[in-house]
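As provided, data19.cif (mmCIF, C-alpha atoms and all ligand atoms) reads as follows.
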data_upload
#
loop_
_atom_site.label_atom_id
_atom_site.label_comp_id
_atom_site.auth_asym_id
_atom_site.auth_seq_id
_atom_site.Cartn_x
_atom_site.Cartn_y
_atom_site.Cartn_z
CA MET A 1 -21.72 -26.24 10.97
CA ASN A 2 -18.69 -26.79 8.72
CA ILE A 3 -17.45 -23.67 6.95
CA PRO A 4 -15.37 -24.44 3.85
CA PHE A 5 -12.55 -22.08 2.97
CA LEU A 6 -14.12 -21.47 -0.44
CA SER A 7 -17.54 -22.20 -1.91
CA PHE A 8 -18.96 -21.32 -5.31
CA SER A 9 -22.50 -22.47 -4.41
CA TYR A 10 -24.11 -19.05 -3.92
CA MET A 11 -22.55 -17.45 -7.02
CA ASN A 12 -23.18 -20.54 -9.15
CA GLN A 13 -26.84 -20.60 -8.18
CA GLN A 14 -27.20 -16.97 -9.26
CA VAL A 15 -25.74 -17.57 -12.73
CA LYS A 16 -26.79 -21.18 -13.30
CA ALA A 17 -29.79 -20.72 -15.62
CA GLU A 18 -28.07 -18.07 -17.76
CA THR A 19 -24.84 -20.04 -17.92
CA LEU A 20 -26.47 -23.30 -18.98
CA LYS A 21 -28.34 -21.42 -21.69
CA ALA A 22 -25.09 -19.76 -22.80
CA PHE A 23 -23.43 -23.14 -22.94
CA GLU A 24 -26.12 -24.40 -25.27
CA THR A 25 -25.73 -21.36 -27.54
CA PHE A 26 -21.95 -21.78 -27.56
CA PHE A 27 -22.31 -25.50 -28.31
CA ASP A 28 -24.78 -24.98 -31.13
CA ASN A 29 -22.83 -22.07 -32.67
CA GLN A 30 -20.02 -24.48 -33.58
CA TRP A 31 -17.40 -21.76 -33.04
CA TYR A 32 -15.23 -22.58 -30.03
CA VAL A 33 -12.15 -20.34 -29.99
CA SER A 34 -11.49 -16.65 -30.77
CA GLY A 35 -14.95 -15.51 -31.77
CA LYS A 36 -17.68 -13.07 -30.86
CA GLU A 37 -18.13 -14.32 -27.27
CA VAL A 38 -14.52 -13.48 -26.40
CA GLU A 39 -14.81 -10.16 -28.26
CA ASN A 40 -17.96 -9.29 -26.35
CA PHE A 41 -16.29 -10.08 -23.04
CA GLU A 42 -13.20 -8.07 -23.99
CA LYS A 43 -15.36 -5.04 -24.69
CA LYS A 44 -17.20 -5.39 -21.38
CA TYR A 45 -14.07 -6.00 -19.32
CA ALA A 46 -12.22 -3.05 -20.90
CA GLU A 47 -15.20 -0.83 -20.09
CA PHE A 48 -15.34 -2.14 -16.52
CA SER A 49 -11.60 -1.53 -16.06
CA GLY A 50 -11.72 1.99 -17.45
CA THR A 51 -9.33 1.11 -20.27
CA LYS A 52 -9.73 1.29 -24.04
CA PHE A 53 -8.62 -2.25 -24.86
CA CYS A 54 -8.68 -5.77 -23.48
CA ALA A 55 -7.35 -9.03 -24.88
CA GLY A 56 -8.85 -12.25 -23.54
CA LEU A 57 -6.24 -14.91 -22.82
CA SER A 58 -5.69 -18.45 -21.66
CA ASN A 59 -4.78 -17.64 -18.01
CA GLY A 60 -3.14 -15.11 -15.70
CA LEU A 61 0.42 -16.38 -16.05
CA ASP A 62 0.13 -16.06 -19.83
CA ALA A 63 -1.31 -12.55 -19.38
CA LEU A 64 1.82 -11.52 -17.45
CA HIS A 65 4.02 -13.26 -20.02
CA ILE A 66 2.31 -11.58 -22.99
CA SER A 67 2.50 -8.20 -21.23
CA LEU A 68 6.28 -8.54 -20.91
CA ARG A 69 6.65 -9.84 -24.49
CA SER A 70 4.46 -7.03 -25.88
CA LEU A 71 6.69 -4.46 -24.16
CA GLY A 72 9.81 -6.14 -25.53
CA VAL A 73 11.15 -7.15 -22.10
CA GLY A 74 13.50 -10.12 -22.38
CA ALA A 75 17.02 -11.47 -21.91
CA GLY A 76 19.38 -9.12 -20.08
CA ASP A 77 16.56 -7.03 -18.61
CA GLU A 78 15.62 -6.67 -14.97
CA VAL A 79 12.05 -6.46 -13.74
CA ILE A 80 11.11 -5.25 -10.26
CA VAL A 81 8.57 -7.50 -8.54
CA PRO A 82 7.32 -7.73 -4.96
CA SER A 83 9.08 -10.35 -2.84
CA ASN A 84 5.70 -11.17 -1.31
CA THR A 85 3.58 -12.50 -4.18
CA TYR A 86 2.25 -15.60 -5.83
CA ILE A 87 5.05 -17.32 -7.74
CA ALA A 88 3.39 -16.61 -11.14
CA THR A 89 4.63 -13.01 -11.05
CA LEU A 90 8.25 -14.22 -10.98
CA ILE A 91 7.73 -17.12 -13.38
CA ALA A 92 6.45 -14.79 -16.11
CA VAL A 93 9.61 -12.69 -15.77
CA THR A 94 11.98 -15.68 -15.92
CA ASN A 95 10.01 -17.26 -18.78
CA VAL A 96 10.74 -14.27 -21.04
CA GLY A 97 14.42 -14.55 -20.08
CA ALA A 98 14.52 -11.50 -17.78
CA MET A 99 15.69 -11.31 -14.17
CA PRO A 100 13.23 -10.71 -11.32
CA VAL A 101 14.50 -8.17 -8.77
CA LEU A 102 12.67 -8.52 -5.47
CA VAL A 103 11.42 -5.60 -3.38
CA GLU A 104 10.05 -6.07 0.12
CA PRO A 105 6.43 -5.23 1.02
CA ASP A 106 4.94 -2.79 3.46
CA VAL A 107 4.28 -5.11 6.41
CA ARG A 108 0.86 -3.51 7.06
CA THR A 109 -0.62 -3.93 3.56
CA TYR A 110 1.55 -6.83 2.26
CA ASN A 111 1.95 -4.85 -0.98
CA ILE A 112 5.24 -3.72 -2.55
CA ASP A 113 6.73 -0.78 -0.61
CA PRO A 114 7.21 2.10 -3.10
CA ASP A 115 9.86 3.60 -0.80
CA LYS A 116 12.09 0.58 -1.46
CA ILE A 117 11.80 0.48 -5.26
CA GLU A 118 14.28 3.16 -6.34
CA GLU A 119 17.27 1.59 -4.56
CA LYS A 120 16.77 -1.53 -6.73
CA ILE A 121 16.69 0.28 -10.08
CA THR A 122 19.77 -0.27 -12.29
CA ASN A 123 20.54 0.53 -15.92
CA LYS A 124 19.09 -2.90 -16.78
CA THR A 125 15.70 -2.26 -15.17
CA LYS A 126 12.90 -2.23 -17.74
CA ALA A 127 9.68 -2.64 -15.80
CA ILE A 128 7.92 -2.78 -12.43
CA ILE A 129 5.16 -5.31 -11.72
CA PRO A 130 3.10 -4.19 -8.72
CA VAL A 131 0.76 -6.92 -7.44
CA HIS A 132 -2.49 -5.85 -5.76
CA LEU A 133 -2.17 -8.67 -3.26
CA PHE A 134 -5.22 -10.12 -1.50
CA GLY A 135 -7.40 -7.50 -3.24
CA GLN A 136 -5.92 -4.25 -1.95
CA SER A 137 -4.57 -1.76 -4.47
CA CYS A 138 -0.90 -0.83 -4.33
CA ARG A 139 0.19 2.81 -3.89
CA MET A 140 -0.07 3.37 -7.64
CA ASP A 141 0.52 7.14 -7.71
CA GLU A 142 3.98 6.70 -6.19
CA ILE A 143 4.79 3.66 -8.33
CA MET A 144 3.78 5.45 -11.56
CA ALA A 145 5.84 8.51 -10.54
CA ILE A 146 8.93 6.35 -9.99
CA ALA A 147 8.36 4.57 -13.30
CA ASN A 148 7.97 7.88 -15.17
CA LYS A 149 11.08 9.34 -13.55
CA HIS A 150 13.22 6.34 -14.58
CA ASN A 151 11.46 5.66 -17.89
CA LEU A 152 10.22 2.20 -16.87
CA PHE A 153 7.15 0.23 -17.93
CA VAL A 154 4.52 -0.71 -15.37
CA ILE A 155 2.54 -3.95 -15.61
CA GLU A 156 -0.07 -4.34 -12.89
CA ASP A 157 -0.69 -7.89 -11.73
CA ASN A 158 -4.40 -7.51 -11.07
CA ALA A 159 -5.21 -11.20 -10.64
CA GLN A 160 -6.54 -10.70 -7.10
CA ALA A 161 -8.12 -7.26 -7.24
CA HIS A 162 -10.89 -7.04 -9.86
CA GLY A 163 -12.87 -3.95 -8.94
CA ALA A 164 -10.39 -2.33 -6.52
CA PHE A 165 -9.52 1.36 -6.77
CA TYR A 166 -6.57 3.57 -5.96
CA ASN A 167 -7.34 7.25 -5.61
CA GLY A 168 -10.63 6.75 -7.47
CA LYS A 169 -9.06 4.94 -10.43
CA MET A 170 -9.50 1.24 -11.03
CA THR A 171 -6.67 -1.25 -10.69
CA GLY A 172 -5.71 -2.65 -14.08
CA SER A 173 -5.87 0.83 -15.64
CA PHE A 174 -2.63 2.42 -14.34
CA GLY A 175 0.11 0.43 -16.04
CA HIS A 176 1.17 0.48 -19.70
CA ILE A 177 -0.38 -2.96 -20.00
CA ASN A 178 -1.92 -4.93 -17.17
CA ALA A 179 -2.47 -8.60 -16.53
CA THR A 180 -5.27 -10.39 -14.76
CA SER A 181 -6.48 -13.92 -14.12
CA PHE A 182 -9.95 -15.40 -14.14
CA TYR A 183 -8.89 -18.62 -12.44
CA PRO A 184 -12.05 -20.06 -10.84
CA GLY A 185 -11.16 -18.91 -7.31
CA LYS A 186 -10.46 -15.28 -8.24
CA ASN A 187 -13.07 -12.59 -7.55
CA LEU A 188 -14.21 -12.87 -11.18
CA GLY A 189 -13.64 -16.53 -11.99
CA ALA A 190 -14.20 -18.58 -15.14
CA TYR A 191 -15.28 -22.23 -15.29
CA GLY A 192 -11.78 -23.27 -16.19
CA GLU A 193 -8.66 -21.35 -17.18
CA ALA A 194 -8.82 -17.74 -18.40
CA GLY A 195 -7.02 -14.40 -18.12
CA ALA A 196 -6.70 -11.05 -19.87
CA VAL A 197 -4.62 -7.95 -20.42
CA THR A 198 -5.97 -4.39 -20.34
CA THR A 199 -4.35 -1.30 -21.84
CA ASN A 200 -5.05 2.14 -23.29
CA ASP A 201 -2.35 1.65 -25.93
CA GLU A 202 -3.82 0.36 -29.18
CA ALA A 203 -0.46 -0.81 -30.55
CA LEU A 204 0.20 -2.84 -27.38
CA ALA A 205 -3.29 -4.36 -27.52
CA GLU A 206 -2.75 -5.37 -31.16
CA LYS A 207 0.64 -6.83 -30.32
CA ALA A 208 -0.78 -8.86 -27.43
CA LYS A 209 -3.55 -10.18 -29.68
CA MET A 210 -1.01 -11.15 -32.33
CA ILE A 211 1.31 -12.89 -29.84
CA ARG A 212 -1.57 -14.88 -28.30
CA ASN A 213 -2.43 -16.19 -31.76
CA TYR A 214 0.87 -17.74 -32.94
CA GLY A 215 2.22 -14.29 -33.79
CA SER A 216 -0.34 -14.00 -36.56
CA LYS A 217 -2.67 -11.17 -37.57
CA LYS A 218 -3.74 -12.77 -40.83
CA LYS A 219 -4.51 -16.48 -40.88
CA TYR A 220 -1.40 -18.55 -41.80
CA TYR A 221 0.84 -15.46 -42.00
CA ASN A 222 3.12 -15.16 -38.97
CA ASP A 223 4.93 -11.94 -38.10
CA VAL A 224 6.61 -13.05 -34.87
CA ILE A 225 7.17 -16.33 -33.00
CA GLY A 226 4.13 -16.24 -30.76
CA TYR A 227 2.19 -18.64 -28.60
CA ASN A 228 -1.22 -20.18 -28.39
CA MET A 229 -2.58 -18.19 -25.44
CA ARG A 230 -6.17 -17.73 -26.61
CA MET A 231 -9.33 -17.70 -24.52
CA ASP A 232 -12.08 -20.25 -25.15
CA GLU A 233 -15.38 -18.92 -26.46
CA CYS A 234 -17.31 -20.64 -23.67
CA GLN A 235 -15.19 -18.91 -20.99
CA GLY A 236 -15.81 -15.57 -22.73
CA SER A 237 -19.55 -16.10 -22.61
CA PHE A 238 -19.54 -17.37 -19.00
CA LEU A 239 -17.37 -14.45 -17.85
CA ALA A 240 -19.65 -11.92 -19.55
CA ILE A 241 -22.55 -13.33 -17.52
CA LYS A 242 -20.60 -13.28 -14.26
CA MET A 243 -19.44 -9.71 -14.86
CA GLN A 244 -23.01 -8.52 -14.36
CA TYR A 245 -22.74 -9.66 -10.75
CA LEU A 246 -19.18 -8.58 -10.03
CA ASN A 247 -20.04 -5.30 -8.28
CA GLU A 248 -22.59 -7.06 -6.09
CA TRP A 249 -20.06 -9.78 -5.25
CA THR A 250 -17.37 -7.21 -4.48
CA GLU A 251 -19.75 -5.46 -2.08
CA ALA A 252 -20.52 -8.80 -0.43
CA ARG A 253 -16.81 -9.47 0.06
CA GLN A 254 -16.27 -5.96 1.46
CA LYS A 255 -19.13 -6.40 3.91
CA ILE A 256 -17.63 -9.67 5.12
CA GLY A 257 -14.18 -8.08 5.45
CA GLU A 258 -15.56 -5.15 7.44
CA ASN A 259 -17.59 -7.47 9.65
CA TYR A 260 -14.56 -9.71 10.40
CA SER A 261 -12.56 -6.61 11.30
CA LYS A 262 -15.30 -5.51 13.69
CA LEU A 263 -15.71 -8.96 15.27
CA LEU A 264 -11.96 -9.58 15.60
CA ALA A 265 -10.80 -6.15 16.79
CA GLY A 266 -8.56 -6.52 19.85
CA VAL A 267 -8.69 -10.32 19.89
CA GLY A 268 -5.44 -11.93 21.10
CA ASP A 269 -2.36 -10.95 19.13
CA LEU A 270 -4.24 -10.81 15.81
CA VAL A 271 -3.10 -8.25 13.28
CA LEU A 272 -6.06 -7.40 11.04
CA PRO A 273 -5.99 -6.06 7.45
CA HIS A 274 -4.84 -2.45 7.18
CA ILE A 275 -6.23 -0.42 4.32
CA ALA A 276 -3.85 2.27 3.10
CA ASP A 277 -4.85 5.82 2.39
CA LYS A 278 -6.56 6.19 -1.05
CA ALA A 279 -6.68 2.39 -1.50
CA THR A 280 -9.69 0.10 -1.52
CA HIS A 281 -9.75 -3.59 -0.66
CA VAL A 282 -11.92 -6.15 -2.47
CA TYR A 283 -10.97 -8.98 -0.07
CA HIS A 284 -9.88 -11.64 -2.48
CA GLN A 285 -8.48 -12.90 0.82
CA TYR A 286 -9.10 -11.75 4.38
CA VAL A 287 -5.67 -12.23 5.91
CA VAL A 288 -4.78 -12.01 9.60
CA ARG A 289 -1.38 -12.34 11.22
CA THR A 290 -0.49 -14.05 14.49
CA LYS A 291 2.58 -15.56 16.13
CA LYS A 292 0.42 -18.61 16.89
CA ARG A 293 -0.57 -19.16 13.26
CA ASP A 294 -0.11 -22.93 13.07
CA GLU A 295 -1.96 -23.52 16.35
CA LEU A 296 -4.80 -21.19 15.32
CA GLN A 297 -5.11 -22.93 11.96
CA ALA A 298 -5.24 -26.36 13.64
CA HIS A 299 -7.86 -25.10 16.11
CA LEU A 300 -10.03 -23.69 13.31
CA SER A 301 -9.65 -26.87 11.29
CA SER A 302 -10.67 -29.11 14.19
CA ASN A 303 -13.74 -26.90 14.61
CA GLY A 304 -14.73 -27.23 10.95
CA VAL A 305 -13.44 -23.86 9.69
CA GLY A 306 -11.31 -24.01 6.55
CA THR A 307 -8.34 -21.65 6.22
CA LEU A 308 -5.34 -21.40 3.89
CA ILE A 309 -1.90 -19.77 3.95
CA HIS A 310 -1.15 -17.36 1.08
CA TYR A 311 1.70 -18.21 0.83
CA PRO A 312 3.67 -20.54 3.11
CA VAL A 313 6.97 -20.16 1.22
CA PRO A 314 8.01 -16.82 -0.31
CA PRO A 315 9.29 -17.07 -3.91
CA HIS A 316 12.95 -16.47 -3.01
CA MET A 317 12.87 -19.49 -0.67
CA GLN A 318 11.34 -21.81 -3.26
CA GLN A 319 13.52 -24.58 -4.69
CA ALA A 320 12.60 -23.26 -8.16
CA TYR A 321 14.35 -19.97 -7.39
CA ALA A 322 17.43 -21.31 -5.65
CA SER A 323 19.39 -19.79 -8.56
CA LEU A 324 18.48 -16.28 -7.37
CA ASN A 325 20.88 -17.00 -4.51
CA ILE A 326 18.95 -14.96 -1.98
CA PRO A 327 19.82 -16.38 1.44
CA LYS A 328 17.31 -17.00 4.22
CA GLY A 329 16.95 -13.84 6.26
CA ALA A 330 17.68 -11.51 3.33
CA LEU A 331 14.02 -10.53 2.89
CA PRO A 332 12.90 -10.55 6.51
CA ILE A 333 9.50 -8.90 6.01
CA SER A 334 8.38 -11.45 3.42
CA GLU A 335 9.68 -14.28 5.59
CA GLU A 336 7.92 -12.93 8.68
CA ILE A 337 4.67 -12.57 6.71
CA SER A 338 4.83 -16.12 5.36
CA ASN A 339 5.34 -17.46 8.89
CA THR A 340 2.45 -15.58 10.49
CA ILE A 341 -0.39 -15.10 7.96
CA LEU A 342 -3.65 -16.99 7.76
CA SER A 343 -6.53 -16.48 5.28
CA MET A 344 -10.12 -16.77 6.50
CA PRO A 345 -13.14 -17.91 4.47
CA VAL A 346 -14.51 -15.03 2.37
CA TYR A 347 -16.91 -15.43 -0.55
CA PRO A 348 -20.36 -14.21 -1.58
CA GLY A 349 -22.88 -16.38 0.22
CA LEU A 350 -20.88 -16.66 3.47
CA THR A 351 -23.64 -15.78 5.95
CA GLU A 352 -23.39 -13.44 8.94
CA GLU A 353 -23.99 -16.46 11.12
CA GLN A 354 -20.99 -18.21 9.56
CA GLN A 355 -18.86 -15.08 9.95
CA GLN A 356 -19.86 -14.97 13.61
CA GLN A 357 -18.94 -18.64 13.98
CA VAL A 358 -15.50 -18.04 12.48
CA ALA A 359 -14.95 -15.14 14.90
CA ASP A 360 -16.27 -17.08 17.89
CA THR A 361 -14.02 -20.03 17.08
CA ILE A 362 -11.02 -17.68 16.94
CA LYS A 363 -12.02 -16.04 20.23
CA ALA A 364 -12.37 -19.46 21.86
CA PHE A 365 -8.78 -20.22 20.76
CA TYR A 366 -7.47 -17.14 22.56
C1 LIG B 1 -3.68 -16.37 -9.75
C2 LIG B 1 -2.55 -15.44 -9.89
C3 LIG B 1 -1.76 -15.40 -11.04
C4 LIG B 1 -1.82 -16.42 -12.12
O1 LIG B 1 -3.06 -16.64 -12.68
P1 LIG B 1 -3.41 -18.05 -13.37
O2 LIG B 1 -4.66 -17.77 -14.10
O3 LIG B 1 -3.55 -19.05 -12.28
O4 LIG B 1 -2.28 -18.40 -14.29
C5 LIG B 1 -0.80 -14.41 -11.15
N1 LIG B 1 -0.59 -13.53 -10.15
C6 LIG B 1 -1.30 -13.56 -9.02
C7 LIG B 1 -1.02 -12.53 -7.96
C8 LIG B 1 -2.29 -14.51 -8.83
O5 LIG B 1 -2.98 -14.53 -7.69
#
Here is a file; write its structure as structure tokens.
Ligand SMILES: *Cc1c(COP(=O)(O)O)cnc(C)c1O
Amino acid sequence: MNIPFLSFSYMNQQVKAETLKAFETFFDNQWYVSGKEVENFEKKYAEFSGTKFCAGLSNGLDALHISLRSLGVGAGDEVIVPSNTYIATLIAVTNVGAMPVLVEPDVRTYNIDPDKIEEKITNKTKAIIPVHLFGQSCRMDEIMAIANKHNLFVIEDNAQAHGAFYNGKMTGSFGHINATSFYPGKNLGAYGEAGAVTTNDEALAEKAKMIRNYGSKKKYYNDVIGYNMRMDECQGSFLAIKMQYLNEWTEARQKIGENYSKLLAGVGDLVLPHIADKATHVYHQYVVRTKKRDELQAHLSSNGVGTLIHYPVPPHMQQAYASLNIPKGALPISEEISNTILSMPVYPGLTEEQQQQVADTIKAFY
């Protein structure tokens, strides 16, 4: 039996009837952008996140960008980001004209190491962007304490961790303003591009909504030079439907993660996910580490099991960021992680039998 790395089949089947009906309503309403469907989703997602406000946006990169713009971060400013993240986190910082300053992760959780943040703070530092990578929350209490002490903004990048908690509080509710993505493959995924910001600060929410709409509050009157970063009405209505299933899907992912960890305990040189104290993990990815990564991936592939590497090249080693001038070897933890990680299939609908097959195929390799 072939096991694809990702499949939407199970989730799609659950929402199909409702979604097709919603599409018809959206189509017939003849209102396609910035309307009551997006507003309804914003209300629901804010409530889910435990924040007062949400602004629906075009995608996750734009959500990070708008967060920085709303806080007034720009040219001459430095922003602390994890060195082990998806490139979008850095691109948002450079696109507002600021400088990303990279901090190494905790090798066990892959998330930014709070103990290494303070040494990177200068008088130019304006903000910290913790990324809840692979679905595990960062150590937010420590990060918020550092930010408060140095008077810095915090923007959570919550693209991979819808529904995760730290110390009983949901990710996306700690920072001054927080960005997320609803790219189709995320835990809550749209049928196309979408993203959002969440915040408890009404002024920031208003600013984000103005910037996403050409810098305009009143039609054809523009207060600032903004962007078109609006969410489509159809994505708002589809996401509101999918949100009803998010807790169930999160539980399904957590069950798969726990089962993999049981089945793979003590196998070969595998390093399994480590969940930090007070954190929860929603398994956007189930990531293992091994010195024989490439061989294991080839073995799984030839046995019909799809895997991916998140990510094969850390941002500082990308051609795009050659200008950062960070030499190979300067961020050894990120480099080690990128050379040894492998992500296993994890999605609602992945059966216990399939999970067993993945584990058996790995065991056969060792
Ligand atoms: C997906 C992702 C983004 C960007 O989201 P898009 O909707 O693809 O623009 C940003 N940060 C992280 C950590 C992501 O995984």
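Of the listed residues A:Thr180, A:Asn148, A:Asn40, A:Gln13, the one whose atoms come nearest to ligand LIG 1 (chain B) is A:Thr180, with distances taken using all atoms listed in the file.
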Q: Can you work out which one of A:Ser343, A:Gln355, A:Gln254, A:Thr171 has the shortest atom-to-atom distance to Tyr286 in chain A, counting all atoms listed in the file?
A: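 Looking only at the distances to Tyr286 in chain A, the closest residue turns out to be A:Ser343.
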Residues of chain A that approach ligand LIG 1 (chain B) to 9 Å or less, counting all atoms listed in the file: could you list each one with the shortest pair of atoms and its distance in Å to one decimal, rows by chain and increasing residue number, as JSON lines?
{"residue": "A:Ser58", "atom": "CA", "partner": "B:LIG1", "partner_atom": "O2", "distance": 7.7}
{"residue": "A:Asn59", "atom": "CA", "partner": "B:LIG1", "partner_atom": "O2", "distance": 3.9}
{"residue": "A:Gly60", "atom": "CA", "partner": "B:LIG1", "partner_atom": "O1", "distance": 3.4}
{"residue": "A:Leu61", "atom": "CA", "partner": "B:LIG1", "partner_atom": "O4", "distance": 3.8}
{"residue": "A:Asp62", "atom": "CA", "partner": "B:LIG1", "partner_atom": "O4", "distance": 6.5}
{"residue": "A:Ala63", "atom": "CA", "partner": "B:LIG1", "partner_atom": "O4", "distance": 7.8}
{"residue": "A:Leu64", "atom": "CA", "partner": "B:LIG1", "partner_atom": "C5", "distance": 7.4}
{"residue": "A:Thr85", "atom": "CA", "partner": "B:LIG1", "partner_atom": "C7", "distance": 6.0}
{"residue": "A:Tyr86", "atom": "CA", "partner": "B:LIG1", "partner_atom": "C7", "distance": 5.0}
{"residue": "A:Ile87", "atom": "CA", "partner": "B:LIG1", "partner_atom": "N1", "distance": 7.2}
{"residue": "A:Ala88", "atom": "CA", "partner": "B:LIG1", "partner_atom": "C5", "distance": 4.7}
{"residue": "A:Thr89", "atom": "CA", "partner": "B:LIG1", "partner_atom": "N1", "distance": 5.3}
{"residue": "A:Leu90", "atom": "CA", "partner": "B:LIG1", "partner_atom": "N1", "distance": 8.9}
{"residue": "A:Ala92", "atom": "CA", "partner": "B:LIG1", "partner_atom": "C5", "distance": 8.8}
{"residue": "A:Val131", "atom": "CA", "partner": "B:LIG1", "partner_atom": "C7", "distance": 5.9}
{"residue": "A:His132", "atom": "CA", "partner": "B:LIG1", "partner_atom": "C7", "distance": 7.2}
{"residue": "A:Leu133", "atom": "CA", "partner": "B:LIG1", "partner_atom": "C7", "distance": 6.2}
{"residue": "A:Phe134", "atom": "CA", "partner": "B:LIG1", "partner_atom": "O5", "distance": 7.9}
{"residue": "A:Asp157", "atom": "CA", "partner": "B:LIG1", "partner_atom": "N1", "distance": 5.9}
{"residue": "A:Asn158", "atom": "CA", "partner": "B:LIG1", "partner_atom": "C7", "distance": 6.8}
{"residue": "A:Ala159", "atom": "CA", "partner": "B:LIG1", "partner_atom": "C8", "distance": 4.8}
{"residue": "A:Gln160", "atom": "CA", "partner": "B:LIG1", "partner_atom": "O5", "distance": 5.3}
{"residue": "A:Ala161", "atom": "CA", "partner": "B:LIG1", "partner_atom": "C7", "distance": 8.9}
{"residue": "A:Ala179", "atom": "CA", "partner": "B:LIG1", "partner_atom": "C5", "distance": 8.1}
{"residue": "A:Thr180", "atom": "CA", "partner": "B:LIG1", "partner_atom": "O1", "distance": 6.9}
{"residue": "A:Ser181", "atom": "CA", "partner": "B:LIG1", "partner_atom": "O2", "distance": 4.3}
{"residue": "A:Phe182", "atom": "CA", "partner": "B:LIG1", "partner_atom": "O2", "distance": 5.8}
{"residue": "A:Tyr183", "atom": "CA", "partner": "B:LIG1", "partner_atom": "O2", "distance": 4.6}
{"residue": "A:Pro184", "atom": "CA", "partner": "B:LIG1", "partner_atom": "O2", "distance": 8.4}
{"residue": "A:Gly185", "atom": "CA", "partner": "B:LIG1", "partner_atom": "C1", "distance": 8.3}
{"residue": "A:Lys186", "atom": "CA", "partner": "B:LIG1", "partner_atom": "C1", "distance": 7.0}
{"residue": "A:Glu193", "atom": "CA", "partner": "B:LIG1", "partner_atom": "O2", "distance": 6.2}
{"residue": "A:Ala194", "atom": "CA", "partner": "B:LIG1", "partner_atom": "O2", "distance": 6.0}
{"residue": "A:Gly195", "atom": "CA", "partner": "B:LIG1", "partner_atom": "O2", "distance": 5.8}
For C-alpha atoms, I'd like the residues from the last selection saved as a PDB file, keeping the file's coordinate frame.
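Result saved to part.pdb:
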ATOM      1  CA  SER A  58      -5.690 -18.450 -21.660  1.00  0.00           C
ATOM      2  CA  ASN A  59      -4.780 -17.640 -18.010  1.00  0.00           C
ATOM      3  CA  GLY A  60      -3.140 -15.110 -15.700  1.00  0.00           C
ATOM      4  CA  LEU A  61       0.420 -16.380 -16.050  1.00  0.00           C
ATOM      5  CA  ASP A  62       0.130 -16.060 -19.830  1.00  0.00           C
ATOM      6  CA  ALA A  63      -1.310 -12.550 -19.380  1.00  0.00           C
ATOM      7  CA  LEU A  64       1.820 -11.520 -17.450  1.00  0.00           C
ATOM      8  CA  THR A  85       3.580 -12.500  -4.180  1.00  0.00           C
ATOM      9  CA  TYR A  86       2.250 -15.600  -5.830  1.00  0.00           C
ATOM     10  CA  ILE A  87       5.050 -17.320  -7.740  1.00  0.00           C
ATOM     11  CA  ALA A  88       3.390 -16.610 -11.140  1.00  0.00           C
ATOM     12  CA  THR A  89       4.630 -13.010 -11.050  1.00  0.00           C
ATOM     13  CA  LEU A  90       8.250 -14.220 -10.980  1.00  0.00           C
ATOM     14  CA  ALA A  92       6.450 -14.790 -16.110  1.00  0.00           C
ATOM     15  CA  VAL A 131       0.760  -6.920  -7.440  1.00  0.00           C
ATOM     16  CA  HIS A 132      -2.490  -5.850  -5.760  1.00  0.00           C
ATOM     17  CA  LEU A 133      -2.170  -8.670  -3.260  1.00  0.00           C
ATOM     18  CA  PHE A 134      -5.220 -10.120  -1.500  1.00  0.00           C
ATOM     19  CA  ASP A 157      -0.690  -7.890 -11.730  1.00  0.00           C
ATOM     20  CA  ASN A 158      -4.400  -7.510 -11.070  1.00  0.00           C
ATOM     21  CA  ALA A 159      -5.210 -11.200 -10.640  1.00  0.00           C
ATOM     22  CA  GLN A 160      -6.540 -10.700  -7.100  1.00  0.00           C
ATOM     23  CA  ALA A 161      -8.120  -7.260  -7.240  1.00  0.00           C
ATOM     24  CA  ALA A 179      -2.470  -8.600 -16.530  1.00  0.00           C
ATOM     25  CA  THR A 180      -5.270 -10.390 -14.760  1.00  0.00           C
ATOM     26  CA  SER A 181      -6.480 -13.920 -14.120  1.00  0.00           C
ATOM     27  CA  PHE A 182      -9.950 -15.400 -14.140  1.00  0.00           C
ATOM     28  CA  TYR A 183      -8.890 -18.620 -12.440  1.00  0.00           C
ATOM     29  CA  PRO A 184     -12.050 -20.060 -10.840  1.00  0.00           C
ATOM     30  CA  GLY A 185     -11.160 -18.910  -7.310  1.00  0.00           C
ATOM     31  CA  LYS A 186     -10.460 -15.280  -8.240  1.00  0.00           C
ATOM     32  CA  GLU A 193      -8.660 -21.350 -17.180  1.00  0.00           C
ATOM     33  CA  ALA A 194      -8.820 -17.740 -18.400  1.00  0.00           C
ATOM     34  CA  GLY A 195      -7.020 -14.400 -18.120  1.00  0.00           C
TER      35      GLY A 195
END
Q: Name the residues in contact with range 333-339 of chain A at a cut-off of 9 Å, using all atoms listed in the file, excluding same-chain residues fewer than 2 positions from it; report them as a PyMOL selection string.
A: chain A and resi 83-84+104-107+110+289-291+293-294+309-314+317+328-331+341-342
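When CA of Ala17 in chain A is paired with CA of Ser49 in chain A, their separation reads 26.4 Å.
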Q: Grab the CA of Cys138 in chain A to CA of Ile80 in chain A distance for me, in Å with one decimal place.
A: 14.1 Å
Q) Using all atoms listed in the file, which of the listed residues (A:Ile211, A:Val197, A:Leu57, A:Ile362) sits closest to Gly72 in chain A? A)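 Once distances to Gly72 in chain A are computed over all atoms listed in the file, the minimum belongs to A:Ile211.
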Q: Give me the residues within 12 Å of Asn123 in chain A as a list in words, counting all atoms listed in the file and dropping any in the same chain fewer than 5 places off.
A: Gly76, Asp77, Glu78, Val79, Glu118, His150, Asn151 and Leu152 of chain A
Q: Between CA of Pro114 in chain A and CA of Leu246 in chain A, measure the distance and give it in Å to one decimal.
A: 29.3 Å
